[in-house]
file start_13.cif (mmCIF, C-alpha atoms)
data_structure
loop_
_atom_site.label_atom_id
_atom_site.label_comp_id
_atom_site.auth_asym_id
_atom_site.auth_seq_id
_atom_site.Cartn_x
_atom_site.Cartn_y
_atom_site.Cartn_z
CA MET A 1 -75.15 183.42 -94.41
CA THR A 2 -74.16 187.03 -93.94
CA ALA A 3 -76.75 189.19 -92.23
CA THR A 4 -78.26 192.41 -93.57
CA SER A 5 -78.42 195.62 -91.55
CA GLU A 6 -82.17 195.16 -91.13
CA GLN A 7 -81.65 191.67 -89.73
CA LEU A 8 -78.89 192.81 -87.36
CA SER A 9 -81.19 195.43 -85.85
CA THR A 10 -83.55 192.72 -84.65
CA THR A 11 -81.06 190.02 -83.58
CA THR A 12 -79.65 189.37 -80.13
CA LEU A 13 -76.00 189.52 -79.11
CA LEU A 14 -74.05 186.61 -77.62
CA ARG A 15 -70.63 187.07 -76.04
CA PHE A 16 -68.68 183.82 -75.84
CA ALA A 17 -65.13 182.70 -75.16
CA THR A 18 -63.17 179.71 -76.41
CA ALA A 19 -60.85 177.81 -74.10
CA GLY A 20 -58.92 174.56 -73.94
CA SER A 21 -55.43 173.15 -73.76
CA VAL A 22 -52.59 173.84 -76.20
CA ASP A 23 -53.15 172.45 -79.72
CA ASP A 24 -56.75 171.46 -79.04
CA GLY A 25 -57.70 173.55 -82.08
CA LYS A 26 -59.37 176.66 -80.66
CA SER A 27 -58.06 179.08 -83.29
CA THR A 28 -58.84 176.63 -86.07
CA LEU A 29 -62.41 176.28 -84.77
CA VAL A 30 -62.85 180.05 -84.63
CA GLY A 31 -61.39 180.37 -88.12
CA ARG A 32 -63.75 177.66 -89.36
CA LEU A 33 -66.72 179.46 -87.79
CA LEU A 34 -65.74 182.72 -89.45
CA HIS A 35 -65.01 181.10 -92.80
CA ASP A 36 -68.03 178.82 -93.08
CA SER A 37 -70.44 181.49 -91.82
CA LYS A 38 -69.16 183.81 -94.61
CA SER A 39 -67.81 186.29 -92.06
CA VAL A 40 -64.33 186.62 -93.59
CA LEU A 41 -63.52 189.44 -95.98
CA THR A 42 -61.95 188.47 -99.30
CA ASP A 43 -58.67 190.26 -98.62
CA GLN A 44 -58.41 188.59 -95.20
CA LEU A 45 -58.84 185.15 -96.73
CA GLU A 46 -56.33 185.94 -99.49
CA ALA A 47 -53.78 187.04 -96.87
CA VAL A 48 -54.28 183.79 -94.93
CA GLU A 49 -53.95 181.73 -98.11
CA HIS A 50 -50.73 183.56 -99.00
CA ALA A 51 -49.30 183.07 -95.49
CA SER A 52 -50.24 179.38 -95.57
CA ARG A 53 -48.56 178.82 -98.96
CA SER A 54 -45.41 180.55 -97.76
CA ARG A 55 -45.28 178.00 -94.94
CA GLY A 56 -45.67 175.08 -97.36
CA GLN A 57 -49.33 174.38 -96.63
CA GLU A 58 -51.65 173.60 -99.50
CA ALA A 59 -54.91 174.42 -97.71
CA PRO A 60 -55.42 177.75 -95.91
CA ASP A 61 -54.62 177.59 -92.20
CA LEU A 62 -57.82 179.04 -90.74
CA ALA A 63 -56.15 179.52 -87.35
CA LEU A 64 -54.30 182.48 -88.87
CA LEU A 65 -57.59 184.39 -88.97
CA THR A 66 -57.29 184.87 -85.21
CA ASP A 67 -53.62 184.30 -84.39
CA GLY A 68 -52.52 187.77 -85.47
CA LEU A 69 -49.31 188.25 -83.48
CA ARG A 70 -46.05 187.29 -85.19
CA ALA A 71 -45.04 185.20 -82.17
CA GLU A 72 -48.38 183.34 -82.35
CA ARG A 73 -47.87 182.47 -86.00
CA GLU A 74 -44.27 181.44 -85.50
CA GLN A 75 -44.97 179.25 -82.47
CA GLY A 76 -48.38 178.01 -83.54
CA ILE A 77 -50.00 178.96 -80.24
CA THR A 78 -52.37 181.66 -79.07
CA ILE A 79 -50.76 184.14 -76.67
CA ASP A 80 -53.15 187.07 -76.39
CA VAL A 81 -56.95 187.17 -76.33
CA ALA A 82 -58.19 187.69 -79.90
CA TYR A 83 -61.59 189.37 -80.10
CA ARG A 84 -63.64 188.86 -83.23
CA TYR A 85 -67.06 190.03 -84.32
CA PHE A 86 -69.32 188.15 -86.71
CA ALA A 87 -73.00 187.78 -87.37
CA THR A 88 -75.58 185.49 -88.92
CA PRO A 89 -79.21 186.29 -89.74
CA ARG A 90 -80.18 184.82 -86.35
CA ARG A 91 -77.68 186.42 -83.96
CA ARG A 92 -74.66 188.69 -83.55
CA PHE A 93 -71.52 187.39 -81.83
CA ILE A 94 -68.51 188.77 -80.00
CA LEU A 95 -66.02 185.98 -79.42
CA ALA A 96 -62.84 185.92 -77.39
CA ASP A 97 -60.32 183.34 -78.56
CA THR A 98 -58.31 182.77 -75.37
CA PRO A 99 -54.91 181.09 -75.01
CA GLY A 100 -54.60 177.42 -74.11
CA HIS A 101 -51.03 177.43 -72.80
CA VAL A 102 -50.90 177.23 -69.00
CA GLN A 103 -48.63 180.29 -68.98
CA TYR A 104 -51.44 182.39 -70.42
CA THR A 105 -54.37 181.09 -68.36
CA ARG A 106 -54.67 184.62 -66.94
CA ASN A 107 -55.88 185.76 -70.36
CA MET A 108 -58.76 183.29 -70.20
CA VAL A 109 -59.97 185.13 -67.09
CA THR A 110 -60.03 188.32 -69.16
CA GLY A 111 -61.84 186.77 -72.10
CA ALA A 112 -64.48 184.95 -70.05
CA SER A 113 -65.20 187.75 -67.58
CA THR A 114 -67.98 189.17 -69.76
CA ALA A 115 -68.99 185.96 -71.56
CA GLU A 116 -72.41 184.35 -71.45
CA LEU A 117 -71.04 181.10 -72.89
CA ALA A 118 -67.71 179.29 -72.69
CA LEU A 119 -66.73 176.94 -75.51
CA VAL A 120 -64.18 174.49 -74.09
CA LEU A 121 -62.27 172.36 -76.58
CA VAL A 122 -60.78 168.93 -75.90
CA ASP A 123 -58.54 166.91 -78.20
CA ALA A 124 -60.32 163.59 -78.73
CA ARG A 125 -56.96 161.80 -78.53
CA ASN A 126 -56.01 163.27 -75.15
CA GLY A 127 -59.34 163.65 -73.37
CA VAL A 128 -59.83 165.85 -70.33
CA VAL A 129 -56.48 167.18 -69.08
CA GLU A 130 -55.51 169.47 -66.20
CA GLN A 131 -55.80 172.62 -68.31
CA THR A 132 -59.33 171.56 -69.33
CA ARG A 133 -60.25 171.32 -65.66
CA ARG A 134 -58.64 174.68 -64.94
CA HIS A 135 -60.63 176.37 -67.69
CA ALA A 136 -63.85 174.74 -66.49
CA ALA A 137 -63.09 175.97 -62.98
CA VAL A 138 -62.48 179.52 -64.24
CA ALA A 139 -65.78 179.44 -66.15
CA ALA A 140 -67.56 178.28 -63.00
CA LEU A 141 -65.90 180.94 -60.84
CA LEU A 142 -66.88 183.65 -63.32
CA ARG A 143 -70.46 182.30 -63.26
CA VAL A 144 -70.59 181.78 -67.03
CA PRO A 145 -74.13 180.42 -67.42
CA HIS A 146 -73.56 178.15 -70.44
CA VAL A 147 -70.62 175.82 -71.11
CA VAL A 148 -70.19 173.83 -74.34
CA LEU A 149 -67.70 170.97 -74.61
CA ALA A 150 -66.42 170.60 -78.17
CA VAL A 151 -64.60 167.30 -78.57
CA ASN A 152 -62.30 168.21 -81.46
CA LYS A 153 -60.19 166.18 -83.91
CA MET A 154 -62.76 163.39 -84.12
CA ASP A 155 -61.32 162.65 -87.57
CA LEU A 156 -58.13 161.46 -85.86
CA VAL A 157 -60.00 158.84 -83.81
CA ASP A 158 -62.04 157.56 -86.77
CA TYR A 159 -65.14 159.45 -85.58
CA ALA A 160 -65.62 156.83 -82.86
CA GLU A 161 -68.72 157.41 -80.74
CA PRO A 162 -67.31 155.62 -77.60
CA VAL A 163 -64.37 158.05 -77.52
CA PHE A 164 -66.71 161.03 -77.57
CA ALA A 165 -69.09 159.50 -75.03
CA ALA A 166 -66.32 158.79 -72.50
CA ILE A 167 -64.89 162.31 -72.72
CA ALA A 168 -68.32 163.93 -72.53
CA GLU A 169 -69.26 161.88 -69.47
CA GLU A 170 -66.02 162.72 -67.62
CA PHE A 171 -66.21 166.45 -68.38
CA THR A 172 -69.93 166.72 -67.63
CA ALA A 173 -69.48 165.11 -64.22
CA TYR A 174 -66.59 167.45 -63.40
CA ALA A 175 -68.38 170.58 -64.59
CA ALA A 176 -71.56 169.64 -62.77
CA SER A 177 -69.60 169.28 -59.52
CA LEU A 178 -68.46 172.89 -60.04
CA GLY A 179 -72.08 174.01 -60.17
CA ILE A 180 -72.12 174.94 -63.86
CA PRO A 181 -75.86 175.13 -64.64
CA GLU A 182 -75.84 174.03 -68.29
CA ILE A 183 -73.39 171.76 -70.11
CA SER A 184 -73.63 170.62 -73.74
CA ALA A 185 -71.24 168.34 -75.64
CA ILE A 186 -70.65 168.35 -79.42
CA PRO A 187 -68.26 166.09 -81.41
CA ILE A 188 -66.44 168.09 -84.11
CA SER A 189 -63.50 168.30 -86.45
CA ALA A 190 -62.57 171.95 -86.80
CA LEU A 191 -60.04 171.20 -89.53
CA ALA A 192 -62.51 169.27 -91.69
CA GLY A 193 -65.54 171.32 -90.68
CA ASP A 194 -67.54 168.44 -89.18
CA ASN A 195 -70.41 169.70 -86.98
CA VAL A 196 -69.01 173.25 -86.85
CA VAL A 197 -71.39 175.01 -89.23
CA GLU A 198 -72.62 172.06 -91.29
CA PRO A 199 -73.68 168.65 -89.89
CA SER A 200 -71.14 165.88 -90.30
CA SER A 201 -71.74 162.96 -92.64
CA HIS A 202 -69.13 160.96 -90.69
CA MET A 203 -70.98 160.97 -87.36
CA ASP A 204 -74.53 159.82 -88.10
CA TRP A 205 -74.68 158.57 -84.50
CA TYR A 206 -74.83 162.22 -83.33
CA GLY A 207 -78.22 163.84 -83.74
CA GLY A 208 -77.64 167.10 -81.88
CA ARG A 209 -76.96 170.64 -83.06
CA THR A 210 -73.79 171.91 -84.71
CA VAL A 211 -71.63 174.44 -82.89
CA LEU A 212 -73.09 177.37 -84.83
CA GLU A 213 -76.66 176.14 -84.35
CA HIS A 214 -76.07 175.93 -80.62
CA LEU A 215 -74.55 179.41 -80.51
CA GLU A 216 -77.51 180.77 -82.48
CA THR A 217 -80.18 179.18 -80.29
CA VAL A 218 -78.80 179.10 -76.75
CA PRO A 219 -80.98 181.35 -74.57
CA VAL A 220 -79.23 184.45 -73.26
CA SER A 221 -80.58 187.14 -71.02
CA HIS A 222 -79.39 190.73 -71.29
CA ASP A 223 -81.89 192.08 -68.79
CA ARG A 224 -79.40 193.69 -66.44
CA THR A 225 -82.21 195.98 -65.29
CA ALA A 226 -83.53 193.11 -63.19
CA CYS A 227 -80.35 193.16 -61.07
CA HIS A 228 -79.67 195.35 -58.04
CA ALA A 229 -79.26 198.92 -59.28
CA ARG A 230 -75.65 200.06 -58.94
CA PHE A 231 -73.97 203.28 -60.15
CA PRO A 232 -70.23 203.71 -59.49
CA VAL A 233 -69.32 207.40 -59.75
CA GLN A 234 -66.52 208.11 -62.21
CA TYR A 235 -66.47 211.90 -62.26
CA VAL A 236 -68.17 214.86 -60.58
CA ILE A 237 -69.33 217.53 -63.04
CA ARG A 238 -69.47 221.11 -61.75
CA PRO A 239 -69.22 223.61 -64.65
CA GLN A 240 -69.78 226.68 -62.41
CA THR A 241 -70.56 228.79 -65.47
CA ALA A 242 -73.07 231.59 -65.92
CA ALA A 243 -75.38 229.19 -67.71
CA HIS A 244 -75.00 226.46 -65.09
CA PRO A 245 -73.98 228.14 -61.82
CA ASP A 246 -75.36 225.44 -59.51
CA TYR A 247 -75.06 222.34 -61.69
CA ARG A 248 -73.68 219.31 -59.82
CA GLY A 249 -73.85 215.99 -61.61
CA TYR A 250 -72.32 212.58 -61.02
CA ALA A 251 -71.15 210.90 -64.20
CA GLY A 252 -70.50 207.22 -64.78
CA GLN A 253 -71.75 204.00 -66.29
CA ILE A 254 -74.64 202.17 -64.68
CA ALA A 255 -73.19 198.80 -63.65
CA ALA A 256 -76.52 197.05 -63.10
CA GLY A 257 -80.22 197.72 -62.72
CA ALA A 258 -82.08 200.90 -63.53
CA PHE A 259 -82.47 204.36 -62.00
CA ARG A 260 -85.52 206.63 -62.28
CA VAL A 261 -86.14 210.25 -61.46
CA GLY A 262 -87.69 210.32 -58.00
CA ASP A 263 -85.83 207.24 -56.70
CA SER A 264 -84.63 207.39 -53.13
CA VAL A 265 -80.93 206.49 -53.14
CA THR A 266 -78.04 205.94 -50.75
CA VAL A 267 -74.48 207.07 -51.40
CA LEU A 268 -71.89 204.60 -50.18
CA PRO A 269 -69.69 204.30 -48.22
CA SER A 270 -70.94 207.43 -46.40
CA GLY A 271 -74.51 206.16 -46.11
CA ARG A 272 -76.04 209.57 -46.89
CA THR A 273 -79.44 209.46 -48.60
CA SER A 274 -81.03 211.66 -51.23
CA THR A 275 -83.42 211.61 -54.20
CA VAL A 276 -82.69 211.46 -57.92
CA THR A 277 -83.90 214.76 -59.38
CA ALA A 278 -82.61 214.42 -62.95
CA ILE A 279 -80.84 212.03 -65.32
CA ASP A 280 -78.84 213.39 -68.25
CA ALA A 281 -78.07 210.98 -71.08
CA LEU A 282 -76.36 212.02 -74.32
CA GLY A 283 -77.14 215.65 -73.64
CA GLU A 284 -80.85 215.01 -73.12
CA SER A 285 -82.95 214.66 -70.00
CA ALA A 286 -84.37 211.20 -69.28
CA ASP A 287 -86.83 209.83 -66.75
CA ILE A 288 -85.12 206.44 -66.58
CA ALA A 289 -81.69 204.98 -67.38
CA TRP A 290 -80.44 201.42 -67.17
CA ALA A 291 -77.27 199.34 -67.47
CA PRO A 292 -74.95 199.71 -69.30
CA GLN A 293 -75.80 203.30 -70.18
CA SER A 294 -73.34 206.10 -69.38
CA VAL A 295 -75.26 208.95 -67.77
CA THR A 296 -75.04 211.83 -65.35
CA ILE A 297 -77.25 211.61 -62.24
CA ARG A 298 -78.27 214.67 -60.24
CA LEU A 299 -79.46 214.51 -56.64
CA ALA A 300 -81.68 216.73 -54.52
CA ASP A 301 -79.02 217.29 -51.84
CA ASP A 302 -75.47 218.60 -52.03
CA ILE A 303 -73.64 215.55 -50.68
CA ASP A 304 -69.89 215.11 -50.57
CA ILE A 305 -69.52 212.58 -53.39
CA SER A 306 -66.33 211.77 -55.27
CA ARG A 307 -64.94 209.22 -57.72
CA GLY A 308 -65.26 205.71 -56.31
CA ASP A 309 -68.49 206.30 -54.38
CA LEU A 310 -71.46 204.09 -55.21
CA ILE A 311 -75.05 205.23 -55.66
CA ALA A 312 -77.65 202.52 -54.96
CA PRO A 313 -81.35 202.31 -54.06
CA ALA A 314 -81.96 203.25 -50.43
CA ASP A 315 -83.87 200.00 -49.80
CA ASP A 316 -81.47 197.76 -51.76
CA ALA A 317 -77.96 198.93 -50.96
CA PRO A 318 -75.01 196.54 -50.62
CA ALA A 319 -73.26 196.02 -47.33
CA VAL A 320 -70.22 198.16 -46.59
CA THR A 321 -67.20 196.27 -45.31
CA GLN A 322 -63.45 196.42 -44.85
CA ASP A 323 -63.10 192.62 -44.62
CA VAL A 324 -63.29 191.00 -48.04
CA GLU A 325 -63.57 187.22 -48.35
CA ALA A 326 -63.31 186.03 -51.92
CA THR A 327 -62.25 183.38 -54.37
CA VAL A 328 -59.39 184.52 -56.59
CA CYS A 329 -57.44 183.53 -59.68
CA HIS A 330 -53.81 184.52 -59.26
CA VAL A 331 -52.48 185.80 -62.59
CA ALA A 332 -49.09 187.38 -61.81
CA ASP A 333 -45.68 185.77 -62.08
CA GLN A 334 -44.80 186.70 -58.50
CA PRO A 335 -46.73 184.88 -55.74
CA LEU A 336 -49.43 186.36 -53.53
CA THR A 337 -48.49 185.89 -49.86
CA VAL A 338 -50.06 186.39 -46.45
CA GLY A 339 -49.20 189.85 -45.12
CA GLN A 340 -48.61 191.30 -48.56
CA ARG A 341 -49.65 194.93 -49.07
CA VAL A 342 -51.66 195.52 -52.22
CA LEU A 343 -54.07 197.93 -53.87
CA LEU A 344 -57.65 196.72 -54.31
CA LYS A 345 -59.51 198.11 -57.33
CA HIS A 346 -63.29 197.77 -57.09
CA THR A 347 -65.38 199.47 -59.81
CA THR A 348 -64.03 203.06 -59.88
CA ARG A 349 -62.55 202.90 -56.37
CA THR A 350 -58.96 201.94 -55.53
CA VAL A 351 -57.94 201.50 -51.88
CA LYS A 352 -54.93 200.22 -49.94
CA ALA A 353 -55.28 196.71 -48.56
CA ILE A 354 -53.40 193.86 -46.94
CA VAL A 355 -53.74 190.11 -47.48
CA LYS A 356 -54.73 188.86 -44.04
CA ASP A 357 -55.07 185.17 -44.84
CA ILE A 358 -55.11 182.59 -47.63
CA PRO A 359 -57.33 179.89 -46.10
CA SER A 360 -57.19 177.41 -48.99
CA ARG A 361 -56.06 176.58 -52.49
CA LEU A 362 -58.22 174.55 -54.86
CA THR A 363 -56.91 171.19 -56.08
CA LEU A 364 -58.26 170.84 -59.61
CA ASP A 365 -58.17 167.04 -59.83
CA ASP A 366 -60.74 166.33 -57.12
CA LEU A 367 -61.88 169.88 -56.22
CA SER A 368 -60.61 169.46 -52.67
CA GLN A 369 -59.37 172.46 -50.69
CA HIS A 370 -55.68 172.42 -49.74
CA PRO A 371 -55.71 174.23 -46.37
CA ALA A 372 -53.44 177.15 -45.43
CA PRO A 373 -51.10 177.14 -48.46
CA GLY A 374 -49.51 180.40 -47.30
CA ARG A 375 -49.28 181.73 -50.82
CA LEU A 376 -50.77 181.47 -54.31
CA ILE A 377 -48.64 181.15 -57.43
CA THR A 378 -49.46 181.79 -61.09
CA ASN A 379 -52.79 180.24 -62.19
CA ASP A 380 -53.68 179.10 -58.66
CA ILE A 381 -57.32 179.37 -57.60
CA GLY A 382 -57.85 179.92 -53.90
CA ARG A 383 -59.68 181.70 -51.12
CA VAL A 384 -58.30 184.91 -49.62
CA VAL A 385 -59.21 187.28 -46.80
CA VAL A 386 -58.29 190.90 -47.50
CA ARG A 387 -58.54 193.88 -45.14
CA THR A 388 -58.99 197.26 -46.80
CA ALA A 389 -57.93 200.64 -45.46
CA GLU A 390 -61.29 202.15 -46.43
CA PRO A 391 -64.78 200.63 -46.53
CA LEU A 392 -66.12 199.17 -49.78
CA ALA A 393 -69.70 198.69 -51.00
CA LEU A 394 -69.27 195.13 -52.22
CA ASP A 395 -71.88 192.73 -53.58
CA ALA A 396 -71.53 188.98 -53.79
CA TYR A 397 -70.23 188.10 -57.26
CA ALA A 398 -73.14 185.69 -57.73
CA ASP A 399 -75.55 188.63 -57.34
CA CYS A 400 -73.73 191.16 -59.54
CA ARG A 401 -70.65 190.57 -61.65
CA SER A 402 -69.73 194.25 -61.89
CA THR A 403 -69.82 195.13 -58.20
CA GLY A 404 -68.83 191.70 -56.91
CA SER A 405 -65.48 191.56 -58.69
CA PHE A 406 -62.18 193.29 -57.95
CA LEU A 407 -58.48 193.27 -58.76
CA LEU A 408 -55.49 193.11 -56.45
CA ILE A 409 -52.66 195.29 -57.77
CA ASP A 410 -48.98 195.58 -56.88
CA PRO A 411 -48.62 199.13 -55.47
CA ALA A 412 -44.97 199.28 -56.56
CA ASP A 413 -45.42 198.93 -60.32
CA GLY A 414 -49.16 198.65 -60.99
CA THR A 415 -49.01 194.98 -62.03
CA THR A 416 -52.30 193.11 -61.76
CA LEU A 417 -51.77 190.31 -59.26
CA THR A 418 -55.12 188.65 -58.75
CA ALA A 419 -58.69 188.69 -60.06
CA GLY A 420 -61.20 188.27 -57.25
CA MET A 421 -64.85 187.26 -56.94
CA ALA A 422 -66.45 188.20 -53.61
CA GLY A 423 -68.69 185.83 -51.70
CA ALA A 424 -69.19 182.09 -52.00
CA PRO A 425 -67.03 180.20 -54.53
CA PHE A 426 -68.52 177.61 -56.88
CA ALA A 427 -72.28 177.22 -56.69
CA ALA A 428 -72.02 173.57 -55.62
CA LEU A 429 -69.16 173.89 -53.14
CA THR A 430 -69.31 174.86 -49.49
CA GLU A 431 -67.33 177.79 -48.29
CA PRO A 432 -64.26 177.12 -46.10
CA GLU A 433 -64.25 178.47 -42.60
CA ALA A 434 -63.45 182.15 -42.43
CA ALA A 435 -60.05 182.99 -41.09
CA ALA A 436 -59.84 184.30 -37.56
CA ASP A 437 -59.77 188.07 -37.32
CA ASN A 438 -56.45 189.37 -36.14
CA ASP A 439 -56.53 193.13 -35.69
CA ALA A 440 -53.23 193.09 -33.81
CA GLU A 441 -51.32 192.93 -37.11
CA TRP A 442 -53.38 195.67 -38.69
CA ASP A 443 -51.75 199.05 -38.84
CA PHE A 444 -53.81 201.11 -41.31
#
call {"tool": "encode", "arguments": {"input": "start_13.cif", "output": "structure tokens"}}
result
Amino acid sequence: MTATSEQLSTTTLLRFATAGSVDDGKSTLVGRLLHDSKSVLTDQLEAVEHASRSRGQEAPDLALLTDGLRAEREQGITIDVAYRYFATPRRRFILADTPGHVQYTRNMVTGASTAELALVLVDARNGVVEQTRRHAAVAALLRVPHVVLAVNKMDLVDYAEPVFAAIAEEFTAYAASLGIPEISAIPISALAGDNVVEPSSHMDWYGGRTVLEHLETVPVSHDRTACHARFPVQYVIRPQTAAHPDYRGYAGQIAAGAFRVGDSVTVLPSGRTSTVTAIDALGESADIAWAPQSVTIRLADDIDISRGDLIAPADDAPAVTQDVEATVCHVADQPLTVGQRVLLKHTTRTVKAIVKDIPSRLTLDDLSQHPAPGRLITNDIGRVVVRTAEPLALDAYADCRSTGSFLLIDPADGTTLTAGMAGAPFAALTEPEAAADNDAEWDF
């Protein structure tokens, strides 16, 4: 099932992340996918077989293909996000095997932030648990367009259809209430290989696709050129040499959309306007460039532009604000509190900020909003209001992932505190009332 170089040049790419509670079998599923799709090198498989025998296991433990840290192998859990690449003749894949332990939920935010599909595993014996709901909520917050529920360990419940149906119904109802647009459910046994790559002979009551078939055929769109054009400036290039005495270029990676020579653009937050006169890509001039290309853009006017500024179309520029209302996942060990001073990192711009309010915290069981919690602790999902010392050109996360997301950072030691998504929370939920503005406490 391995793909040739000619086939890879014509196939699409799918980024997906696995998630689920501890011991639901995520690493085993990923190992089974790699093994049964012939994506494991011989020496890798021999090393896994040797490690399995040394632990007294007769069959190779496929989870070891992704659990690479010594602590992961000793404890039998995934701690860090394990990225793996594999391919079939139909599609190329980049997968992120994320931890299931509640302590490492923060890593699921990392793995799913660029994913087009989230594969959420559930142990058929335990059903939907709190960590399953938390991972579904994170996938919804990150606007992952496709979610697959894999009900694992069906062999341990005698491949009973009613068990699968009950779990699928409960999870689908919960995910739908979060506004997840597409939900699919597949009964599997990662250990035995049922419905992972090959159809299962033990579940003739299931007529749907296997996990790999679903991954190969799920529609994905990579047309980021259809989004609002956004170009965060990373570096200003001014050689000031005899060959290039007047060269002034703005280098960076296009976050979304496309830019063309002749476009009228606005530089934010200053609001100054100009025209794109040239685009340099890989040492060559280009008439057009699109996300995610790294290019240098030159403008007709000498404008004061520095790292952190945003170039956008003059007729489609984001709003500039110092008051950020967002849904966040708190990932640090120390809590986030009202009045706390932080750094806010948005694209290439980092500014001082203060947490003005925490209007609500999400209760995962019934998706109700717990009002005015005062603080967020590790793995909490909540709404925050942040005031920045300098204006930001911020999109709603639903409109653009790259320019609608940000991080809150501890200014003392650089620790990442919180991952934020600007704008409305889940697609199906209403936004809580905005906190009252209180400029009296503001001293920037």
call {"tool": "resolve_selection", "arguments": {"input": "start_13.cif", "expression": "the PyMOL selection byres ((chain A and resi 140) around 10)", "output": "PyMOL selection string"}}
result
chain A and resi 118+134-139+141-147+175-181+425-428
call {"tool": "resolve_selection", "arguments": {"input": "start_13.cif", "expression": "the PyMOL selection byres ((chain A and resi 220) around 9)", "output": "PyMOL selection string"}}
result
chain A and resi 12-14+116-117+145-146+217-219+221-222
call {"tool": "residues_around", "arguments": {"input": "start_13.cif", "residues": "A:Thr321", "least_positions_apart": "6", "cutoff": "10 Å", "atoms": "only C-alpha atoms", "output": "ChimeraX atom specification"}}
result
/A:269,387-388,390-394
call {"tool": "atom_distance", "arguments": {"input": "start_13.cif", "atom1": "atom CA of A:Ser21", "atom2": "atom CA of A:Ala398"}}
result
27.0 Å
call {"tool": "residues_around", "arguments": {"input": "start_13.cif", "residues": "A:Ser285", "least_positions_apart": "4", "cutoff": "12 Å", "atoms": "only C-alpha atoms", "output": "ChimeraX atom specification"}}
result
/A:260-261,277-281,289,295-298
call {"tool": "residues_near_point", "arguments": {"input": "start_13.cif", "point": "(-73.2, 195.1, -60.1)", "cutoff": "8 Å", "atoms": "all atoms listed in the file", "output": "PDB file with C-alpha atoms, in the coordinates of the input"}}
result
ATOM      1  CA  CYS A 227     -80.350 193.160 -61.070  1.00  0.00           C
ATOM      2  CA  HIS A 228     -79.670 195.350 -58.040  1.00  0.00           C
ATOM      3  CA  ALA A 229     -79.260 198.920 -59.280  1.00  0.00           C
ATOM      4  CA  ARG A 230     -75.650 200.060 -58.940  1.00  0.00           C
ATOM      5  CA  ALA A 255     -73.190 198.800 -63.650  1.00  0.00           C
ATOM      6  CA  ALA A 256     -76.520 197.050 -63.100  1.00  0.00           C
ATOM      7  CA  GLY A 257     -80.220 197.720 -62.720  1.00  0.00           C
ATOM      8  CA  ASP A 395     -71.880 192.730 -53.580  1.00  0.00           C
ATOM      9  CA  ASP A 399     -75.550 188.630 -57.340  1.00  0.00           C
ATOM     10  CA  CYS A 400     -73.730 191.160 -59.540  1.00  0.00           C
ATOM     11  CA  ARG A 401     -70.650 190.570 -61.650  1.00  0.00           C
ATOM     12  CA  SER A 402     -69.730 194.250 -61.890  1.00  0.00           C
ATOM     13  CA  THR A 403     -69.820 195.130 -58.200  1.00  0.00           C
ATOM     14  CA  GLY A 404     -68.830 191.700 -56.910  1.00  0.00           C
TER      15      GLY A 404
END
call {"tool": "resolve_selection", "arguments": {"input": "start_13.cif", "expression": "the PyMOL selection byres ((chain A and resi 197) around 9)", "output": "short mmCIF file (atom, residue, chain, number, x, y, z; two decimals) with C-alpha atoms, keeping the file's coordinate frame"}}
result
data_model
loop_
_atom_site.label_atom_id
_atom_site.label_comp_id
_atom_site.auth_asym_id
_atom_site.auth_seq_id
_atom_site.Cartn_x
_atom_site.Cartn_y
_atom_site.Cartn_z
CA ARG A 32 -63.75 177.66 -89.36
CA LEU A 33 -66.72 179.46 -87.79
CA ASP A 36 -68.03 178.82 -93.08
CA SER A 37 -70.44 181.49 -91.82
CA GLY A 193 -65.54 171.32 -90.68
CA ASP A 194 -67.54 168.44 -89.18
CA ASN A 195 -70.41 169.70 -86.98
CA VAL A 196 -69.01 173.25 -86.85
CA GLU A 198 -72.62 172.06 -91.29
CA PRO A 199 -73.68 168.65 -89.89
CA THR A 210 -73.79 171.91 -84.71
CA VAL A 211 -71.63 174.44 -82.89
CA LEU A 212 -73.09 177.37 -84.83
CA GLU A 213 -76.66 176.14 -84.35
#
call {"tool": "closest_residue", "arguments": {"input": "start_13.cif", "among": "A:Thr18, A:Ser264, A:Thr350, A:Ser27", "to": "A:Ala96", "atoms": "all atoms listed in the file"}}
result
A:Thr18
call {"tool": "atom_distance", "arguments": {"input": "start_13.cif", "atom1": "atom CA of A:Tyr206", "atom2": "atom CA of A:Ile188"}}
result
10.3 Å
call {"tool": "atom_distance", "arguments": {"input": "start_13.cif", "atom1": "atom CA of A:Thr132", "atom2": "atom CA of A:Asp333"}}
result
21.0 Å
call {"tool": "closest_residue", "arguments": {"input": "start_13.cif", "among": "A:Arg15, A:Arg375, A:Lys352, A:His214", "to": "A:Phe86", "atoms": "only C-alpha atoms"}}
result
A:Arg15
call {"tool": "closest_residue", "arguments": {"input": "start_13.cif", "among": "A:Val331, A:Val120, A:Ile409, A:Ala396", "to": "A:Val355", "atoms": "all atoms listed in the file"}}
result
A:Ile409
call {"tool": "closest_residue", "arguments": {"input": "start_13.cif", "among": "A:Val342, A:Val236, A:Val385, A:Val151", "to": "A:Ser306", "atoms": "all atoms listed in the file"}}
result
A:Val236
call {"tool": "closest_residue", "arguments": {"input": "start_13.cif", "among": "A:Ala17, A:Ala160, A:Ala173, A:Ala192", "to": "A:Asp97", "atoms": "only C-alpha atoms"}}
result
A:Ala17
call {"tool": "closest_residue", "arguments": {"input": "start_13.cif", "among": "A:Ala251, A:Ala166, A:Ala258, A:Ile186", "to": "A:Leu299", "atoms": "only C-alpha atoms"}}
result
A:Ala251
call {"tool": "residues_around", "arguments": {"input": "start_13.cif", "residues": "stretch 310-313 of chain A", "least_positions_apart": "3", "cutoff": "9 Å", "atoms": "only C-alpha atoms", "output": "number ranges by chain"}}
result
A: 228-233, 259, 263-269, 305, 307, 316-318, 347-348, 393
